[in-house]
2 protein chains.
Amino acid sequence: MASRSLSKEPVPPPLPTDAEIAILAVLWRQGASTVREVHDALAKDSGYTTTLKLMQLMFEKGLVVRNERYRSHLYEARAPKEQTQRQIAGDLLKRAFEGSARSLVLGALAAQPASGKDLAEIRTLLDEFEKRGEKK
Amino acid sequence: MASRSLSKEPVPPPLPTDAEIAILAVLWRQGASTVREVHDALAKDSGYTTTLKLMQLMFEKGLVVRNERYRSHLYEARAPKEQTQRQIAGDLLKRAFEGSARSLVLGALAAQPASGKDLAEIRTLLDEFEKRGEKK
DNA sequence: CGGGACATACGAAGATTTTCGTTGACAAAC
DNA sequence: GTTTGTCAACGAAAATCTTCGTATGTCCCG
């Protein structure tokens, strides 16, 4: 049978593991970065080659893209931050919160109280969702 | 040196792994259950002894308690659901959302649109947090 | 040219998590 | 009392995730 090798998109990118999320977080914060820059930003006690290997694996998995034009390759998150965060949140929602966004919000706010400003922003978000939901 | 064995609380219970979360979810839903009951509720293709072993490990870790009075032991989540969910949400918040509850809420709502009723409930939550936060 | 500093690649060890096979205990049914 | 079914308890394999050691290449400087 056909090997399906030539399709446009490799595969739906898998959920990142914990170490991979830590790396993505750095890339989200700093934008395109070298392994060295990511490793330095990671306040970890593991060695440089560990970070390198992880990022190579992430590249193979399609979690990041890289520009090899320079001596030190430049890595970047492949999917926009929001999309990956949505995927992660959705996965957790399903597995640990019975699909109840309410529970997740409650848990998040209880874990880390938000500022009044944040709360206001969240209200704005709710308004938008309400509107979107009521459409039609 | 002293082994610290006799202190009141064994240890802060560790964050549950993925498979453990799945089991906790069942216990949250069904209350005290036998391994058999949990295993049946888990729509998994793994064997019974896998579930058994996991629950035994969870017992050793202090994630669940059990009543051995019956032939089939009865397992229950040790910590209240809300506490564990808060722990999980807080961990994720820190690792993947830059500590921004706003981002997590956005991700959750985007992943699984909430009903108008849910949104209203969330607003109520926000009000409570606002009050609590403004104190002093 | 010959280091030294720093980069990628990659195999494989280590750790952790998940799965399973086997054993022995117990009880109800035959 | 023997068979049958279900259970807990392990030990250890299997799978996954993380870490590291080492080889090798390149650039820059002296």
# chains A, B, ... in the order shown; residues from 1 in each chain; ligands from 1
>>> select_by_dssp(residues="range 5-120 of chain A", states="strand (DSSP E)", output="list in words")
Val64, Val65, Arg66, Asn67, Leu74, Tyr75, Glu76 and Ala77 of chain A
>>> write_last_selection(atoms="C-alpha atoms", output="PDB file, in the first residue's frame")
ATOM      1  CA  VAL A  64       9.932  22.941  16.191  1.00  0.00           C
ATOM      2  CA  VAL A  65      11.437  24.075  12.928  1.00  0.00           C
ATOM      3  CA  ARG A  66      15.007  25.122  12.502  1.00  0.00           C
ATOM      4  CA  ASN A  67      17.084  27.291  10.291  1.00  0.00           C
ATOM      5  CA  LEU A  74      18.116  28.610  15.004  1.00  0.00           C
ATOM      6  CA  TYR A  75      15.076  26.899  16.457  1.00  0.00           C
ATOM      7  CA  GLU A  76      11.545  28.140  16.565  1.00  0.00           C
ATOM      8  CA  ALA A  77       8.259  26.726  17.753  1.00  0.00           C
TER       9      ALA A  77
END
>>> select_by_dssp(residues="chain B", states="helix (DSSP H, G or I)", output="NGL selection string")
:B and (18-30 or 35-41 or 48-61 or 81-96 or 101-111 or 116-134)
>>> write_last_selection(atoms="C-alpha atoms", output="PDB file, in the first residue's frame")
ATOM      1  CA  ASP B  18      -1.181  10.396  33.368  1.00  0.00           C
ATOM      2  CA  ALA B  19      -2.354   6.876  34.071  1.00  0.00           C
ATOM      3  CA  GLU B  20      -2.829   7.801  37.699  1.00  0.00           C
ATOM      4  CA  ILE B  21      -4.931  10.801  36.782  1.00  0.00           C
ATOM      5  CA  ALA B  22      -7.165   8.551  34.737  1.00  0.00           C
ATOM      6  CA  ILE B  23      -7.692   6.348  37.779  1.00  0.00           C
ATOM      7  CA  LEU B  24      -8.278   9.287  40.088  1.00  0.00           C
ATOM      8  CA  ALA B  25     -10.859  10.579  37.647  1.00  0.00           C
ATOM      9  CA  VAL B  26     -12.768   7.336  38.002  1.00  0.00           C
ATOM     10  CA  LEU B  27     -12.554   7.442  41.776  1.00  0.00           C
ATOM     11  CA  TRP B  28     -13.762  11.025  41.747  1.00  0.00           C
ATOM     12  CA  ARG B  29     -16.693  10.047  39.629  1.00  0.00           C
ATOM     13  CA  GLN B  30     -17.657   6.821  41.346  1.00  0.00           C
ATOM     14  CA  VAL B  35      -9.887  -2.388  41.302  1.00  0.00           C
ATOM     15  CA  ARG B  36     -12.343  -4.300  39.177  1.00  0.00           C
ATOM     16  CA  GLU B  37     -14.772  -1.417  39.118  1.00  0.00           C
ATOM     17  CA  VAL B  38     -12.098   1.068  38.222  1.00  0.00           C
ATOM     18  CA  HIS B  39     -10.711  -1.177  35.558  1.00  0.00           C
ATOM     19  CA  ASP B  40     -14.105  -1.659  33.953  1.00  0.00           C
ATOM     20  CA  ALA B  41     -14.767   2.062  33.998  1.00  0.00           C
ATOM     21  CA  TYR B  48      -6.567  -5.998  34.827  1.00  0.00           C
ATOM     22  CA  THR B  49      -3.272  -6.501  36.584  1.00  0.00           C
ATOM     23  CA  THR B  50      -1.988  -3.284  35.107  1.00  0.00           C
ATOM     24  CA  THR B  51      -4.754  -1.360  36.794  1.00  0.00           C
ATOM     25  CA  LEU B  52      -4.166  -3.300  39.974  1.00  0.00           C
ATOM     26  CA  LYS B  53      -0.480  -2.566  39.988  1.00  0.00           C
ATOM     27  CA  LEU B  54      -1.029   1.102  39.318  1.00  0.00           C
ATOM     28  CA  MET B  55      -3.453   1.361  42.194  1.00  0.00           C
ATOM     29  CA  GLN B  56      -1.062  -0.454  44.480  1.00  0.00           C
ATOM     30  CA  LEU B  57       1.652   2.005  43.564  1.00  0.00           C
ATOM     31  CA  MET B  58      -0.718   4.895  44.101  1.00  0.00           C
ATOM     32  CA  PHE B  59      -1.428   3.474  47.519  1.00  0.00           C
ATOM     33  CA  GLU B  60       2.264   3.375  48.341  1.00  0.00           C
ATOM     34  CA  LYS B  61       2.647   6.937  47.148  1.00  0.00           C
ATOM     35  CA  LYS B  81     -10.688  16.295  44.105  1.00  0.00           C
ATOM     36  CA  GLU B  82     -10.475  20.069  44.253  1.00  0.00           C
ATOM     37  CA  GLN B  83      -7.118  20.018  45.941  1.00  0.00           C
ATOM     38  CA  THR B  84      -5.573  17.670  43.433  1.00  0.00           C
ATOM     39  CA  GLN B  85      -7.073  19.546  40.523  1.00  0.00           C
ATOM     40  CA  ARG B  86      -5.686  22.757  41.918  1.00  0.00           C
ATOM     41  CA  GLN B  87      -2.283  21.189  42.180  1.00  0.00           C
ATOM     42  CA  ILE B  88      -2.415  19.945  38.621  1.00  0.00           C
ATOM     43  CA  ALA B  89      -3.721  23.212  37.245  1.00  0.00           C
ATOM     44  CA  GLY B  90      -1.124  25.174  39.178  1.00  0.00           C
ATOM     45  CA  ASP B  91       1.671  23.011  37.885  1.00  0.00           C
ATOM     46  CA  LEU B  92       0.564  23.409  34.306  1.00  0.00           C
ATOM     47  CA  LEU B  93       0.024  27.115  34.772  1.00  0.00           C
ATOM     48  CA  LYS B  94       3.588  27.528  35.870  1.00  0.00           C
ATOM     49  CA  ARG B  95       5.127  25.321  33.238  1.00  0.00           C
ATOM     50  CA  ALA B  96       3.188  26.107  30.104  1.00  0.00           C
ATOM     51  CA  ALA B 101      -4.345  32.371  34.498  1.00  0.00           C
ATOM     52  CA  ARG B 102      -5.727  34.439  31.692  1.00  0.00           C
ATOM     53  CA  SER B 103      -3.871  32.371  29.114  1.00  0.00           C
ATOM     54  CA  LEU B 104      -4.966  29.131  30.672  1.00  0.00           C
ATOM     55  CA  VAL B 105      -8.580  30.209  30.730  1.00  0.00           C
ATOM     56  CA  LEU B 106      -8.357  31.297  27.146  1.00  0.00           C
ATOM     57  CA  GLY B 107      -6.794  27.986  26.174  1.00  0.00           C
ATOM     58  CA  ALA B 108      -9.408  25.998  28.004  1.00  0.00           C
ATOM     59  CA  LEU B 109     -12.337  27.893  26.549  1.00  0.00           C
ATOM     60  CA  ALA B 110     -10.885  27.721  23.070  1.00  0.00           C
ATOM     61  CA  ALA B 111     -10.323  24.001  23.402  1.00  0.00           C
ATOM     62  CA  GLY B 116     -23.747  30.015  28.573  1.00  0.00           C
ATOM     63  CA  LYS B 117     -24.535  28.509  31.921  1.00  0.00           C
ATOM     64  CA  ASP B 118     -20.914  27.569  32.484  1.00  0.00           C
ATOM     65  CA  LEU B 119     -19.800  31.018  31.496  1.00  0.00           C
ATOM     66  CA  ALA B 120     -22.172  32.493  34.017  1.00  0.00           C
ATOM     67  CA  GLU B 121     -20.795  30.252  36.701  1.00  0.00           C
ATOM     68  CA  ILE B 122     -17.307  31.271  35.836  1.00  0.00           C
ATOM     69  CA  ARG B 123     -18.292  34.901  36.157  1.00  0.00           C
ATOM     70  CA  THR B 124     -19.551  34.170  39.625  1.00  0.00           C
ATOM     71  CA  LEU B 125     -16.236  32.606  40.429  1.00  0.00           C
ATOM     72  CA  LEU B 126     -14.463  35.694  39.200  1.00  0.00           C
ATOM     73  CA  ASP B 127     -16.599  37.873  41.427  1.00  0.00           C
ATOM     74  CA  GLU B 128     -15.672  35.830  44.433  1.00  0.00           C
ATOM     75  CA  PHE B 129     -12.029  35.985  43.630  1.00  0.00           C
ATOM     76  CA  GLU B 130     -12.235  39.698  43.057  1.00  0.00           C
ATOM     77  CA  LYS B 131     -13.709  40.164  46.480  1.00  0.00           C
ATOM     78  CA  ARG B 132     -11.195  37.914  48.108  1.00  0.00           C
ATOM     79  CA  GLY B 133      -8.330  39.653  46.343  1.00  0.00           C
ATOM     80  CA  GLU B 134      -9.410  43.168  47.179  1.00  0.00           C
TER      81      GLU B 134
END
>>> closest_atom_pairs(of="chain C", to="chain A", cutoff="10 Å", atoms="only C-alpha atoms (C1' of nucleotides)", output="CSV")
residue,atom,partner,partner_atom,distance
C:DC6,C1',A:Ser72,CA,9.4
C:DA7,C1',A:Ser72,CA,6.3
C:DT8,C1',A:Ser72,CA,8.6
C:DA9,C1',A:Lys53,CA,8.9
C:DC10,C1',A:Lys53,CA,9.0
>>> residues_around(residues="DC17 in chain D", least_positions_apart="5", cutoff="9 Å", atoms="only C-alpha atoms (C1' of nucleotides)", output="PyMOL selection string")
(chain A and resi 17+19) or (chain C and resi 15-17)
>>> write_last_selection(atoms="N, CA and C atoms (P, O5', C5', C4', C3', O3' and C1' of nucleotides)", output="mmCIF file, in the first residue's frame")
data_model
loop_
_atom_site.group_PDB
_atom_site.id
_atom_site.type_symbol
_atom_site.label_atom_id
_atom_site.label_comp_id
_atom_site.auth_asym_id
_atom_site.auth_seq_id
_atom_site.Cartn_x
_atom_site.Cartn_y
_atom_site.Cartn_z
ATOM 1 N N THR A 17 6.110 16.634 25.710
ATOM 2 C CA THR A 17 6.347 16.105 27.059
ATOM 3 C C THR A 17 6.731 17.258 27.978
ATOM 4 N N ALA A 19 9.610 18.029 29.521
ATOM 5 C CA ALA A 19 10.854 18.714 29.173
ATOM 6 C C ALA A 19 10.673 19.525 27.891
ATOM 7 P P DA C 15 19.959 6.250 37.356
ATOM 8 O "O5'" DA C 15 18.543 6.968 37.201
ATOM 9 C "C5'" DA C 15 18.152 7.485 35.960
ATOM 10 C "C4'" DA C 15 16.805 8.167 36.071
ATOM 11 C "C3'" DA C 15 15.877 7.685 37.192
ATOM 12 O "O3'" DA C 15 15.002 8.753 37.535
ATOM 13 C "C1'" DA C 15 15.042 6.971 35.090
ATOM 14 P P DT C 16 13.905 8.546 38.700
ATOM 15 O "O5'" DT C 16 12.559 8.361 37.861
ATOM 16 C "C5'" DT C 16 12.275 9.286 36.825
ATOM 17 C "C4'" DT C 16 11.095 8.810 36.011
ATOM 18 C "C3'" DT C 16 9.898 8.308 36.830
ATOM 19 O "O3'" DT C 16 8.774 9.033 36.356
ATOM 20 C "C1'" DT C 16 10.425 6.786 35.100
ATOM 21 P P DT C 17 7.351 8.921 37.125
ATOM 22 O "O5'" DT C 17 6.537 8.057 36.046
ATOM 23 C "C5'" DT C 17 6.659 8.395 34.677
ATOM 24 C "C4'" DT C 17 5.988 7.352 33.803
ATOM 25 C "C3'" DT C 17 4.653 6.812 34.343
ATOM 26 O "O3'" DT C 17 3.726 6.904 33.272
ATOM 27 C "C1'" DT C 17 6.082 5.025 33.755
#
>>> closest_atom_pairs(of="chain D", to="chain A", cutoff="9 Å", atoms="only C-alpha atoms (C1' of nucleotides)", output="tab-separated table")
residue	atom	partner	partner_atom	distance
D:DC17	C1'	A:Thr17	CA	8.0
D:DT18	C1'	A:Thr50	CA	7.6
D:DT19	C1'	A:Thr50	CA	5.8
D:DC20	C1'	A:Thr50	CA	7.1
D:DT26	C1'	A:Arg71	CA	8.3
